[in-house]
file protein04.txt (compact mmCIF, C-alpha atoms)
# COMPACT_ATOMS: atom_id res chain seq x y z
CA MET A 1473 32.96 41.41 -36.50
CA ILE A 1474 36.29 43.08 -37.09
CA PRO A 1475 37.81 45.99 -35.16
CA ALA A 1476 38.29 49.34 -36.91
CA THR A 1477 41.87 50.13 -37.91
CA PHE A 1478 44.30 51.40 -35.31
CA ASP A 1479 48.01 52.04 -34.96
CA TYR A 1480 49.54 49.18 -33.02
CA VAL A 1481 52.37 49.76 -30.58
CA ARG A 1482 54.05 46.97 -28.65
CA PRO A 1483 56.47 48.58 -26.19
CA THR A 1484 59.16 46.49 -24.56
CA SER A 1485 59.60 48.61 -21.43
CA VAL A 1486 57.29 50.51 -19.10
CA ASP A 1487 59.09 53.76 -19.99
CA ASP A 1488 58.43 53.13 -23.68
CA ALA A 1489 54.80 52.36 -22.90
CA CYS A 1490 54.42 55.65 -21.00
CA ARG A 1491 56.06 57.55 -23.83
CA ALA A 1492 53.80 55.88 -26.40
CA LEU A 1493 50.76 56.75 -24.30
CA ALA A 1494 51.87 60.38 -23.96
CA ASP A 1495 52.52 60.63 -27.71
CA ALA A 1496 49.26 58.97 -28.69
CA GLY A 1497 47.00 61.44 -26.91
CA GLU A 1498 43.48 60.88 -25.62
CA ASP A 1499 42.32 58.50 -28.35
CA ALA A 1500 44.70 55.71 -27.41
CA LYS A 1501 43.70 52.58 -25.52
CA VAL A 1502 45.96 50.37 -23.47
CA LEU A 1503 45.61 46.64 -24.21
CA ALA A 1504 46.34 44.42 -21.20
CA GLY A 1505 44.83 40.92 -21.43
CA GLY A 1506 42.18 42.16 -23.83
CA GLN A 1507 39.34 40.07 -22.47
CA SER A 1508 37.09 43.10 -22.03
CA LEU A 1509 38.62 45.41 -24.60
CA MET A 1510 38.72 42.99 -27.53
CA PRO A 1511 34.93 42.46 -27.58
CA LEU A 1512 34.46 46.25 -27.39
CA LEU A 1513 36.86 46.72 -30.31
CA ARG A 1514 35.12 44.03 -32.33
CA MET A 1515 31.68 45.51 -31.75
CA ARG A 1516 33.21 48.94 -32.49
CA LEU A 1517 32.00 50.29 -29.18
CA ALA A 1518 35.63 51.39 -28.85
CA ILE A 1519 37.41 52.89 -31.89
CA PRO A 1520 40.82 54.04 -30.62
CA ASP A 1521 43.40 55.63 -32.93
CA ALA A 1522 46.17 53.68 -31.26
CA LEU A 1523 46.40 50.49 -29.27
CA ILE A 1524 49.31 50.13 -26.88
CA ASP A 1525 49.80 46.44 -26.17
CA LEU A 1526 51.45 45.59 -22.84
CA ASP A 1527 51.61 41.86 -23.66
CA ARG A 1528 55.40 41.75 -23.74
CA LEU A 1529 56.01 43.69 -20.52
CA ASP A 1530 56.77 40.59 -18.48
CA GLY A 1531 58.14 42.74 -15.66
CA LEU A 1532 54.58 43.84 -14.96
CA ARG A 1533 53.51 40.24 -14.31
CA GLU A 1534 55.40 40.00 -11.05
CA ILE A 1535 53.64 39.58 -7.70
CA ARG A 1536 55.93 40.58 -4.85
CA ASP A 1537 55.97 40.89 -1.10
CA ASP A 1538 56.57 44.50 -0.07
CA GLY A 1539 56.44 44.36 3.73
CA ASP A 1540 52.95 45.33 4.87
CA SER A 1541 51.49 44.88 1.41
CA LEU A 1542 51.68 42.84 -1.77
CA VAL A 1543 52.39 44.59 -5.03
CA ILE A 1544 50.61 42.87 -7.89
CA GLY A 1545 51.96 43.80 -11.29
CA ALA A 1546 49.25 45.18 -13.54
CA MET A 1547 49.79 42.40 -16.09
CA ALA A 1548 49.52 39.49 -13.65
CA THR A 1549 46.80 37.29 -15.12
CA HIS A 1550 43.74 36.12 -13.20
CA HIS A 1551 45.07 32.57 -13.50
CA GLN A 1552 48.34 33.66 -11.92
CA VAL A 1553 46.70 35.74 -9.16
CA MET A 1554 44.27 33.07 -7.96
CA ARG A 1555 47.04 30.50 -7.57
CA ASP A 1556 49.77 32.73 -6.23
CA PRO A 1557 50.83 31.59 -2.73
CA LEU A 1558 51.38 35.18 -1.55
CA VAL A 1559 47.92 36.23 -2.70
CA ARG A 1560 46.30 33.15 -1.17
CA GLU A 1561 47.99 33.83 2.14
CA HIS A 1562 47.75 37.60 2.41
CA ALA A 1563 44.83 38.57 0.17
CA PRO A 1564 42.55 35.51 0.18
CA LEU A 1565 39.50 37.60 -0.80
CA LEU A 1566 41.23 38.51 -4.04
CA ALA A 1567 42.10 34.86 -4.74
CA ARG A 1568 38.53 33.76 -3.96
CA ALA A 1569 36.88 36.42 -6.12
CA THR A 1570 39.30 35.89 -9.00
CA GLU A 1571 38.34 32.21 -9.15
CA THR A 1572 34.82 33.34 -10.06
CA VAL A 1573 35.89 35.65 -12.91
CA ALA A 1574 34.67 34.43 -16.31
CA ASP A 1575 36.17 31.05 -17.31
CA PRO A 1576 39.60 29.38 -17.56
CA ALA A 1577 40.46 30.62 -21.07
CA VAL A 1578 39.57 34.20 -20.17
CA ARG A 1579 41.52 33.91 -16.92
CA HIS A 1580 44.61 32.83 -18.86
CA ARG A 1581 44.66 36.17 -20.70
CA GLY A 1582 42.73 38.63 -18.53
CA THR A 1583 44.66 40.59 -15.92
CA PHE A 1584 43.94 42.04 -12.48
CA GLY A 1585 45.28 45.42 -13.55
CA GLY A 1586 43.25 45.46 -16.74
CA SER A 1587 40.09 44.57 -14.89
CA VAL A 1588 40.59 47.35 -12.35
CA ALA A 1589 41.60 49.96 -14.94
CA HIS A 1590 38.63 49.01 -17.15
CA ALA A 1591 36.40 49.89 -14.16
CA ASP A 1592 33.36 48.06 -15.41
CA PRO A 1593 30.84 48.24 -12.53
CA ALA A 1594 29.84 44.63 -13.31
CA GLY A 1595 33.46 43.47 -13.01
CA ASP A 1596 34.22 41.54 -9.83
CA LEU A 1597 37.65 42.87 -8.98
CA PRO A 1598 37.01 46.62 -8.63
CA ALA A 1599 34.79 45.90 -5.60
CA VAL A 1600 37.49 43.63 -4.19
CA ALA A 1601 40.11 46.37 -4.62
CA LEU A 1602 37.78 48.74 -2.80
CA ALA A 1603 37.07 46.31 0.04
CA LEU A 1604 40.78 45.64 0.53
CA ASP A 1605 41.73 49.35 0.55
CA ALA A 1606 44.04 48.67 -2.37
CA VAL A 1607 46.19 51.45 -3.79
CA LEU A 1608 46.64 51.84 -7.53
CA VAL A 1609 50.15 52.64 -8.70
CA VAL A 1610 50.10 54.68 -11.92
CA ARG A 1611 52.94 56.00 -14.00
CA SER A 1612 53.41 58.48 -16.82
CA VAL A 1613 56.29 60.38 -18.38
CA ARG A 1614 55.56 62.95 -15.65
CA GLY A 1615 56.28 60.50 -12.83
CA GLU A 1616 54.59 57.97 -10.59
CA ARG A 1617 51.75 58.40 -8.10
CA GLU A 1618 49.54 56.22 -5.94
CA ILE A 1619 45.75 56.51 -5.89
CA PRO A 1620 43.64 54.89 -3.14
CA ALA A 1621 40.89 52.66 -4.55
CA SER A 1622 38.33 54.92 -2.82
CA GLU A 1623 39.42 57.76 -5.13
CA PHE A 1624 40.11 55.66 -8.23
CA PHE A 1625 36.64 54.70 -9.48
CA VAL A 1626 34.87 57.94 -10.37
CA ASP A 1627 32.09 56.97 -12.78
CA TRP A 1628 30.89 54.29 -15.19
CA MET A 1629 34.07 52.78 -16.69
CA THR A 1630 35.92 55.92 -15.67
CA THR A 1631 38.87 56.21 -13.30
CA SER A 1632 40.83 59.13 -11.92
CA MET A 1633 43.84 58.22 -14.07
CA GLU A 1634 44.85 60.92 -16.54
CA PRO A 1635 44.86 59.94 -20.23
CA ASP A 1636 48.66 59.67 -20.25
CA GLU A 1637 48.82 57.52 -17.11
CA LEU A 1638 49.38 53.78 -17.11
CA LEU A 1639 48.40 51.47 -14.27
CA VAL A 1640 51.58 49.55 -13.44
CA GLY A 1641 50.62 47.76 -10.24
CA VAL A 1642 48.17 47.37 -7.40
CA ARG A 1643 49.31 47.59 -3.81
CA VAL A 1644 47.15 45.34 -1.65
CA PRO A 1645 47.57 45.67 2.14
CA LYS A 1646 48.13 42.27 3.76
CA MET A 1647 45.28 40.97 5.86
CA GLY A 1648 46.32 39.88 9.31
CA SER A 1649 45.15 36.69 10.93
CA GLY A 1650 41.60 36.08 12.06
CA TRP A 1651 39.89 37.26 8.89
CA GLY A 1652 37.33 35.22 6.98
CA VAL A 1653 36.51 36.14 3.40
CA HIS A 1654 33.87 35.46 0.79
CA TYR A 1655 32.80 36.72 -2.62
CA GLU A 1656 29.11 36.11 -3.26
CA LYS A 1657 28.02 36.55 -6.85
CA PHE A 1658 24.68 36.18 -8.53
CA HIS A 1659 24.68 35.58 -12.26
CA ARG A 1660 22.59 33.78 -14.85
CA THR A 1661 25.24 31.43 -16.18
CA ALA A 1662 28.59 30.19 -14.93
CA GLN A 1663 30.75 32.67 -16.85
CA ALA A 1664 28.38 35.63 -16.98
CA TRP A 1665 28.94 39.02 -15.40
CA ALA A 1666 27.62 39.58 -11.89
CA ILE A 1667 24.09 40.93 -11.73
CA VAL A 1668 25.12 41.83 -8.18
CA GLY A 1669 28.24 40.75 -6.31
CA VAL A 1670 29.35 41.18 -2.70
CA ALA A 1671 33.00 41.20 -1.62
CA CYS A 1672 33.23 40.57 2.09
CA ALA A 1673 35.94 40.20 4.72
CA VAL A 1674 35.25 39.88 8.44
CA ARG A 1675 37.52 39.68 11.45
CA ARG A 1676 36.03 37.54 14.12
CA ASN A 1677 36.43 37.91 17.85
CA GLY A 1678 34.90 35.10 19.84
CA ASP A 1679 31.33 34.67 18.67
CA GLY A 1680 30.94 38.04 17.00
CA VAL A 1681 32.23 40.19 14.19
CA GLU A 1682 34.79 42.73 15.30
CA GLU A 1683 35.48 44.39 11.97
CA ALA A 1684 34.01 44.00 8.49
CA ARG A 1685 34.71 45.21 4.98
CA VAL A 1686 31.92 44.96 2.46
CA ALA A 1687 31.91 46.23 -1.12
CA LEU A 1688 29.28 45.76 -3.82
CA THR A 1689 29.59 44.96 -7.52
CA ASN A 1690 27.12 46.37 -10.06
CA MET A 1691 25.04 48.40 -7.61
CA GLY A 1692 25.82 51.71 -9.34
CA PRO A 1693 28.19 53.27 -11.86
CA THR A 1694 31.18 52.44 -9.63
CA PRO A 1695 31.85 49.74 -7.04
CA VAL A 1696 30.37 50.79 -3.70
CA ARG A 1697 31.62 50.30 -0.17
CA ALA A 1698 28.71 49.33 2.09
CA HIS A 1699 29.84 51.33 5.11
CA SER A 1700 26.48 51.14 6.87
CA VAL A 1701 26.63 47.32 6.84
CA GLU A 1702 30.22 47.43 8.11
CA VAL A 1703 29.05 49.42 11.13
CA ALA A 1704 25.79 47.54 11.68
CA VAL A 1705 27.40 44.12 11.64
CA ARG A 1706 29.80 44.79 14.50
CA GLY A 1707 29.15 42.32 17.28
CA ALA A 1708 26.79 40.23 15.14
CA GLY A 1709 27.18 36.48 15.50
CA SER A 1710 24.05 34.84 14.12
CA GLU A 1711 22.47 34.55 10.71
CA ASP A 1712 19.54 36.66 11.95
CA ALA A 1713 21.95 39.38 13.00
CA PHE A 1714 23.73 39.21 9.63
CA ARG A 1715 20.39 39.57 7.86
CA THR A 1716 19.51 42.59 9.97
CA ALA A 1717 22.84 44.25 9.20
CA ALA A 1718 22.60 43.33 5.52
CA ALA A 1719 19.20 45.02 5.22
CA GLN A 1720 21.15 48.27 4.85
CA ALA A 1721 23.37 46.99 2.02
CA ALA A 1722 21.70 49.03 -0.70
CA ALA A 1723 21.57 52.25 1.34
CA GLY A 1724 22.72 55.18 -0.76
CA THR A 1725 23.23 53.10 -3.92
CA GLU A 1726 21.80 53.79 -7.37
CA PRO A 1727 21.63 50.34 -8.97
CA PRO A 1728 21.01 50.23 -12.71
CA THR A 1729 18.03 48.73 -14.49
CA ASP A 1730 18.98 46.59 -17.48
CA LEU A 1731 17.89 43.40 -19.22
CA HIS A 1732 19.20 41.30 -16.33
CA GLY A 1733 17.16 42.99 -13.65
CA SER A 1734 15.49 46.12 -12.41
CA SER A 1735 16.92 48.54 -9.92
CA GLU A 1736 14.46 47.21 -7.31
CA TYR A 1737 15.53 43.64 -7.98
CA ARG A 1738 19.18 44.55 -7.49
CA THR A 1739 18.33 46.33 -4.25
CA HIS A 1740 16.70 43.13 -3.01
CA LEU A 1741 19.60 40.99 -4.24
CA ALA A 1742 22.15 43.18 -2.47
CA THR A 1743 20.52 42.56 0.91
CA VAL A 1744 20.16 38.80 0.39
CA LEU A 1745 23.66 38.33 -1.01
CA THR A 1746 25.28 40.49 1.65
CA ALA A 1747 23.69 38.35 4.39
CA ARG A 1748 24.96 35.22 2.66
CA ALA A 1749 28.42 36.70 2.18
CA LEU A 1750 28.69 37.70 5.84
CA ALA A 1751 27.62 34.23 7.00
CA ALA A 1752 30.03 32.52 4.62
CA ALA A 1753 32.93 34.79 5.57
CA VAL A 1754 32.36 34.19 9.28
CA GLY A 1755 32.33 30.48 8.41
CA MET B 1147 52.08 46.07 -41.55
CA PRO B 1148 53.64 44.01 -38.75
CA ARG B 1149 55.26 40.74 -39.68
CA ILE B 1150 54.58 37.79 -37.41
CA ARG B 1151 56.21 34.42 -37.04
CA VAL B 1152 53.98 31.86 -35.41
CA GLU B 1153 54.03 28.10 -35.10
CA VAL B 1154 50.63 26.55 -35.74
CA ASP B 1155 50.09 22.81 -35.35
CA GLY B 1156 53.81 22.16 -35.74
CA THR B 1157 54.41 24.31 -38.83
CA THR B 1158 56.06 27.74 -38.70
CA TYR B 1159 54.38 30.52 -40.66
CA GLU B 1160 55.61 34.04 -41.38
CA ASP B 1161 53.05 36.56 -42.50
CA ASP B 1162 52.37 40.27 -42.72
CA VAL B 1163 49.15 40.97 -40.85
CA GLU B 1164 47.00 43.98 -40.19
CA PRO B 1165 47.12 44.72 -36.45
CA ARG B 1166 43.35 44.42 -36.19
CA LEU B 1167 43.29 40.88 -37.61
CA LEU B 1168 41.95 38.45 -35.00
CA LEU B 1169 43.83 35.23 -34.39
CA VAL B 1170 40.76 33.18 -35.32
CA HIS B 1171 40.49 34.93 -38.68
CA TYR B 1172 44.21 34.46 -39.30
CA LEU B 1173 43.87 30.74 -38.60
CA ARG B 1174 40.81 30.29 -40.78
CA GLU B 1175 41.34 32.71 -43.64
CA ARG B 1176 45.12 32.81 -44.04
CA LEU B 1177 46.07 29.32 -42.97
CA GLY B 1178 42.85 27.56 -43.97
CA LYS B 1179 42.48 26.05 -40.51
CA VAL B 1180 38.71 26.09 -40.62
CA GLY B 1181 38.52 23.46 -37.88
CA THR B 1182 38.39 26.40 -35.48
CA PRO B 1183 34.96 28.03 -35.87
CA VAL B 1184 33.81 31.52 -34.96
CA GLY B 1185 30.86 31.12 -32.64
CA CYS B 1186 29.45 34.04 -30.75
CA ASP B 1187 31.90 36.79 -31.61
CA THR B 1188 31.48 38.11 -28.05
CA SER B 1189 33.94 35.87 -26.13
CA ASN B 1190 31.14 33.94 -24.48
CA CYS B 1191 30.85 30.64 -26.29
CA GLY B 1192 34.39 29.25 -26.45
CA ALA B 1193 33.90 27.57 -29.86
CA CYS B 1194 37.12 29.23 -31.10
CA THR B 1195 39.27 27.95 -28.19
CA VAL B 1196 42.84 27.02 -29.15
CA LEU B 1197 45.97 26.47 -27.09
CA MET B 1198 48.56 29.25 -27.16
CA ASP B 1199 51.88 28.30 -25.60
CA GLY B 1200 50.01 25.32 -24.17
CA VAL B 1201 47.13 27.10 -22.41
CA SER B 1202 43.57 27.67 -23.63
CA VAL B 1203 42.62 31.02 -25.12
CA LYS B 1204 39.62 32.22 -27.08
CA SER B 1205 41.11 33.01 -30.45
CA CYS B 1206 38.42 35.62 -31.16
CA SER B 1207 39.84 37.65 -28.25
CA VAL B 1208 43.49 37.57 -29.26
CA LEU B 1209 45.02 39.57 -32.10
CA ALA B 1210 47.10 37.69 -34.63
CA VAL B 1211 50.01 40.05 -33.85
CA GLN B 1212 49.84 38.88 -30.24
CA ALA B 1213 50.57 35.33 -31.39
CA ASP B 1214 53.90 36.53 -32.79
CA GLY B 1215 56.61 34.20 -31.49
CA ARG B 1216 54.03 31.89 -29.89
CA ASP B 1217 53.06 28.29 -30.45
CA VAL B 1218 49.41 27.68 -31.34
CA THR B 1219 47.63 24.32 -31.37
CA THR B 1220 44.22 24.01 -33.01
CA VAL B 1221 41.98 20.97 -33.10
CA GLU B 1222 43.59 20.19 -36.46
CA GLY B 1223 46.92 19.71 -34.74
CA LEU B 1224 45.64 16.82 -32.64
CA GLY B 1225 46.09 13.23 -33.62
CA ALA B 1226 49.03 14.04 -35.84
CA GLY B 1227 49.93 11.35 -38.34
CA GLY B 1228 46.38 10.65 -39.42
CA GLY B 1229 45.17 9.14 -36.16
CA THR B 1230 42.66 10.54 -33.76
CA HIS B 1231 43.49 11.90 -30.35
CA PRO B 1232 41.99 10.02 -27.35
CA MET B 1233 39.87 13.09 -26.61
CA GLN B 1234 38.50 13.11 -30.15
CA ARG B 1235 37.77 9.39 -29.95
CA ALA B 1236 36.02 9.77 -26.60
CA PHE B 1237 33.77 12.55 -27.99
CA HIS B 1238 32.90 10.23 -30.87
CA GLU B 1239 32.29 7.17 -28.76
CA GLU B 1240 30.26 8.93 -26.08
CA HIS B 1241 28.21 10.81 -28.68
CA ALA B 1242 29.31 14.07 -27.05
CA LEU B 1243 28.01 16.21 -29.87
CA GLN B 1244 24.99 16.75 -32.00
CA CYS B 1245 25.54 19.69 -34.36
CA GLY B 1246 29.26 19.69 -33.61
CA TYR B 1247 29.80 23.43 -33.72
CA CYS B 1248 31.13 23.68 -30.17
CA THR B 1249 33.18 20.49 -30.41
CA PRO B 1250 36.60 21.88 -31.45
CA GLY B 1251 36.49 24.37 -28.60
CA MET B 1252 35.20 21.75 -26.16
CA ILE B 1253 38.04 19.42 -27.08
CA MET B 1254 40.73 22.08 -26.73
CA ALA B 1255 39.33 23.34 -23.40
CA SER B 1256 39.11 19.74 -22.16
CA LEU B 1257 42.77 19.15 -22.98
CA ASP B 1258 43.65 22.31 -21.08
CA LEU B 1259 41.67 21.00 -18.09
CA LEU B 1260 43.46 17.60 -18.14
CA ARG B 1261 46.83 19.33 -18.35
CA GLU B 1262 46.24 20.56 -14.81
CA ASN B 1263 43.96 17.83 -13.50
CA ALA B 1264 44.50 14.37 -14.99
CA ASP B 1265 41.52 12.85 -13.15
CA PRO B 1266 38.76 15.44 -12.88
CA SER B 1267 35.47 14.70 -11.12
CA GLU B 1268 32.21 15.38 -12.92
CA ASP B 1269 31.93 18.75 -11.16
CA GLU B 1270 35.50 19.65 -12.05
CA VAL B 1271 34.84 18.88 -15.71
CA ARG B 1272 31.76 21.09 -15.66
CA GLU B 1273 33.70 23.90 -14.01
CA GLY B 1274 36.65 23.47 -16.37
CA LEU B 1275 34.32 23.80 -19.35
CA GLU B 1276 32.30 26.73 -17.98
CA GLY B 1277 33.58 28.93 -20.79
CA ASN B 1278 32.31 26.61 -23.53
CA LEU B 1279 28.66 26.58 -24.49
CA CYS B 1280 26.83 23.66 -26.12
CA ARG B 1281 23.23 24.25 -27.08
CA CYS B 1282 22.47 20.66 -28.19
CA THR B 1283 23.64 18.03 -25.78
CA GLY B 1284 22.83 19.27 -22.31
CA TYR B 1285 26.51 18.53 -21.56
CA GLN B 1286 25.91 15.03 -20.10
CA ASN B 1287 27.80 13.18 -22.79
CA ILE B 1288 30.50 15.82 -23.00
CA VAL B 1289 31.28 15.28 -19.32
CA LYS B 1290 31.30 11.51 -19.87
CA ALA B 1291 33.62 11.87 -22.84
CA VAL B 1292 36.12 14.03 -20.99
CA ARG B 1293 36.25 11.58 -18.08
CA ARG B 1294 36.62 8.64 -20.47
CA ALA B 1295 39.47 10.36 -22.31
CA ALA B 1296 41.09 11.24 -19.01
CA GLY B 1297 41.03 7.57 -18.03
CA GLU B 1298 42.57 6.49 -21.34
CA MET B 1299 45.20 9.20 -21.23
CA ARG B 1300 46.23 8.16 -17.71
CA GLU B 1301 46.85 4.55 -18.75
CA PRO B 1302 50.41 3.48 -18.02
CA GLY B 1303 52.60 3.46 -21.07
CA ARG B 1304 50.71 6.23 -22.81
CA GLN B 1305 53.10 8.95 -23.86
CA GLU B 1306 50.65 11.37 -25.34
CA VAL B 1307 49.16 13.25 -22.42
CA THR B 1308 49.04 16.63 -24.08
CA PRO B 1309 48.73 17.26 -27.82
call {"tool": "encode", "arguments": {"input": "protein04.txt", "output": "structure tokens"}}
result
Amino acid sequence: MIPATFDYVRPTSVDDACRALADAGEDAKVLAGGQSLMPLLRMRLAIPDALIDLDRLDGLREIRDDGDSLVIGAMATHHQVMRDPLVREHAPLLARATETVADPAVRHRGTFGGSVAHADPAGDLPAVALALDAVLVVRSVRGEREIPASEFFVDWMTTSMEPDELLVGVRVPKMGSGWGVHYEKFHRTAQAWAIVGVACAVRRNGDGVEEARVALTNMGPTPVRAHSVEVAVRGAGSEDAFRTAAAQAAAGTEPPTDLHGSSEYRTHLATVLTARALAAAVG
Amino acid sequence: MPRIRVEVDGTTYEDDVEPRLLLVHYLRERLGKVGTPVGCDTSNCGACTVLMDGVSVKSCSVLAVQADGRDVTTVEGLGAGGGTHPMQRAFHEEHALQCGYCTPGMIMASLDLLRENADPSEDEVREGLEGNLCRCTGYQNIVKAVRRAAGEMREPGRQEVTP
């Protein structure tokens, strides 16, 4: 299968990329690592007029320490993110979840920024961004602004970025000490998309959980923060207590029914996987 | 039409390409490098895996224009000089294929794995090849072949660790 024709633009600076995006209008697509977009282009599920390829914007591949947070350039690849010492130290949940994304060849090309901007509810990293209270840094010819992850994912593969805005980086607050993390994912084959995934970070205090962050993959049109579990799990210290808290994981969600599973099945999975994720994160 | 300059298996090519041309189609249809097959067309199967600037990529998910200025190695670039690469020999000796369709991608992904891990365990081989599907062998002999090749490639005095 061959993509439909498009105008190809390969900017060499972020300013040029923003200008190209502004000029191209609403029917342009931004190409980051291409590991989600290329299949869509080939199957002609996406037929953009213009493709703006960020491949040569090496400045966007930087991962830097910015005081209380890390700033991960939008073009940092999965391979780069999961091995980066700063990410492993200060955002271990991101490193852990990224290791489970697709397969090595895809991780060599695919990017954190692309995955988040693509906003596929079955993608692993949007839920991680939500759990970590990440902030998305977007730029256009009109200027730069920051969007909290909680306001970024608005619908199925839809974000609150305007058509002329480009995601340039993701600000990830550093986790302090005492946190345990886990990403629990259920899928049919090693490299398949998550049927349901659970991103989980817990701060322990003695025998119990003091604070928890839990976000779900593929339990609705956007990633979902499981606030009721976060509250219910406080003080929990046993697997029984985790299971009790996790029973509320699917509260308020609208999981899809598709060929991989029914809505009811996903609801069940969310509770089981959340209990496992909590237990693994507590360690 | 953009003009690209790309090195493939040690030879530099310059070509005008349509932006929508996939790297795998450029390799097969322009350069005649049909050793790299198109498998699933959905980025799942890994049959079209090649090395770009030394790391594995699925050439059905890269545009030919994106290879501009890059160095691509296909399975045809291994064992230069008429010989066979230790990985190719190990696949042959361990009977790591039946229909053979996945083999070029398996071999390229295996070389990428050994680049980072010269002595992978069985589990590490399986994980390293998670992006490559074989529907014939059940993978047992593929894993054996990769570990056999790894052993041969680690032998002292061997120069050729990567293609």
call {"tool": "residues_around", "arguments": {"input": "protein04.txt", "residues": "Ala1242 in chain B", "least_positions_apart": "6", "cutoff": "10 Å", "atoms": "all atoms listed in the file", "output": "list in words"}}
result
Gln1234, Ala1236, Thr1249, Met1252, Cys1280, Cys1282, Thr1283, Gly1284, Tyr1285, Gln1286, Asn1287, Ile1288, Val1289, Lys1290, Ala1291 and Val1292 of chain B
call {"tool": "closest_atom_pairs", "arguments": {"input": "protein04.txt", "of": "chain A", "to": "chain B", "cutoff": "7 Å", "atoms": "all atoms listed in the file", "output": "Markdown table"}}
result
| residue | atom | partner | partner_atom | distance |
| --- | --- | --- | --- | --- |
| A:Met1473 | CA | B:Asp1187 | CA | 6.8 |
| A:Pro1475 | CA | B:Arg1166 | CA | 5.8 |
| A:Thr1477 | CA | B:Arg1166 | CA | 6.1 |
| A:Tyr1480 | CA | B:Pro1165 | CA | 6.1 |
| A:Gly1506 | CA | B:Ser1207 | CA | 6.7 |
| A:Gln1507 | CA | B:Ser1207 | CA | 6.3 |
| A:Met1510 | CA | B:Ser1207 | CA | 5.5 |
| A:Pro1511 | CA | B:Thr1188 | CA | 5.6 |
| A:Asp1575 | CA | B:Gly1277 | CA | 4.8 |
| A:Pro1576 | CA | B:Gly1274 | CA | 6.7 |
| A:Ala1577 | CA | B:Val1203 | CA | 4.6 |
| A:Val1578 | CA | B:Val1203 | CA | 6.6 |
| A:His1580 | CA | B:Val1203 | CA | 6.8 |
| A:Ala1662 | CA | B:Glu1276 | CA | 5.9 |
| A:Gln1663 | CA | B:Gly1277 | CA | 6.1 |
call {"tool": "write_last_selection", "arguments": {"input": "protein04.txt", "atoms": "C-alpha atoms", "output": "PDB file, in the frame of the given file"}}
result
ATOM      1  CA  MET A1473      32.960  41.410 -36.500  1.00  0.00           C
ATOM      2  CA  PRO A1475      37.810  45.990 -35.160  1.00  0.00           C
ATOM      3  CA  THR A1477      41.870  50.130 -37.910  1.00  0.00           C
ATOM      4  CA  TYR A1480      49.540  49.180 -33.020  1.00  0.00           C
ATOM      5  CA  GLY A1506      42.180  42.160 -23.830  1.00  0.00           C
ATOM      6  CA  GLN A1507      39.340  40.070 -22.470  1.00  0.00           C
ATOM      7  CA  MET A1510      38.720  42.990 -27.530  1.00  0.00           C
ATOM      8  CA  PRO A1511      34.930  42.460 -27.580  1.00  0.00           C
ATOM      9  CA  ASP A1575      36.170  31.050 -17.310  1.00  0.00           C
ATOM     10  CA  PRO A1576      39.600  29.380 -17.560  1.00  0.00           C
ATOM     11  CA  ALA A1577      40.460  30.620 -21.070  1.00  0.00           C
ATOM     12  CA  VAL A1578      39.570  34.200 -20.170  1.00  0.00           C
ATOM     13  CA  HIS A1580      44.610  32.830 -18.860  1.00  0.00           C
ATOM     14  CA  ALA A1662      28.590  30.190 -14.930  1.00  0.00           C
ATOM     15  CA  GLN A1663      30.750  32.670 -16.850  1.00  0.00           C
TER      16      GLN A1663
END
call {"tool": "residues_around", "arguments": {"input": "protein04.txt", "residues": "Arg1261 in chain B", "least_positions_apart": "3", "cutoff": "12 Å", "atoms": "all atoms listed in the file", "output": "ChimeraX atom specification"}}
result
/B:1197,1200-1202,1254-1258,1264-1266,1274,1296,1299-1300,1306-1309
call {"tool": "residues_around", "arguments": {"input": "protein04.txt", "residues": "Leu1741 in chain A", "least_positions_apart": "6", "cutoff": "10 Å", "atoms": "all atoms listed in the file", "output": "list in words"}}
result
Lys1657, Phe1658, Ile1667, Val1668, Gly1669, Val1670, Met1691, Ala1721, Ala1722, Gly1733, Ser1735 and Ala1747 of chain A
call {"tool": "write_last_selection", "arguments": {"input": "protein04.txt", "atoms": "C-alpha atoms", "output": "compact mmCIF listing (two decimals), in the frame of the given file"}}
result
# COMPACT_ATOMS: atom_id res chain seq x y z
CA LYS A 1657 28.02 36.55 -6.85
CA PHE A 1658 24.68 36.18 -8.53
CA ILE A 1667 24.09 40.93 -11.73
CA VAL A 1668 25.12 41.83 -8.18
CA GLY A 1669 28.24 40.75 -6.31
CA VAL A 1670 29.35 41.18 -2.70
CA MET A 1691 25.04 48.40 -7.61
CA ALA A 1721 23.37 46.99 2.02
CA ALA A 1722 21.70 49.03 -0.70
CA GLY A 1733 17.16 42.99 -13.65
CA SER A 1735 16.92 48.54 -9.92
CA ALA A 1747 23.69 38.35 4.39
call {"tool": "atom_distance", "arguments": {"input": "protein04.txt", "atom1": "CA of Ala1213 in chain B", "atom2": "CA of Asn1263 in chain B"}}
result
25.9 Å
call {"tool": "atom_distance", "arguments": {"input": "protein04.txt", "atom1": "CA of Gly1652 in chain A", "atom2": "CA of Arg1560 in chain A"}}
result
12.3 Å
call {"tool": "closest_residue", "arguments": {"input": "protein04.txt", "among": "B:Ala1295, B:Val1152, B:Val1184, B:Cys1248", "to": "Arg1216 in chain B", "atoms": "all atoms listed in the file"}}
result
B:Val1152
call {"tool": "residues_around", "arguments": {"input": "protein04.txt", "residues": "Arg1611 in chain A", "least_positions_apart": "4", "cutoff": "6 Å", "atoms": "only C-alpha atoms", "output": "ChimeraX atom specification"}}
result
/A:1615-1616,1637-1638
call {"tool": "write_last_selection", "arguments": {"input": "protein04.txt", "atoms": "C-alpha atoms", "output": "PDB file, in the coordinates of the input"}}
result
ATOM      1  CA  GLY A1615      56.280  60.500 -12.830  1.00  0.00           C
ATOM      2  CA  GLU A1616      54.590  57.970 -10.590  1.00  0.00           C
ATOM      3  CA  GLU A1637      48.820  57.520 -17.110  1.00  0.00           C
ATOM      4  CA  LEU A1638      49.380  53.780 -17.110  1.00  0.00           C
TER       5      LEU A1638
END
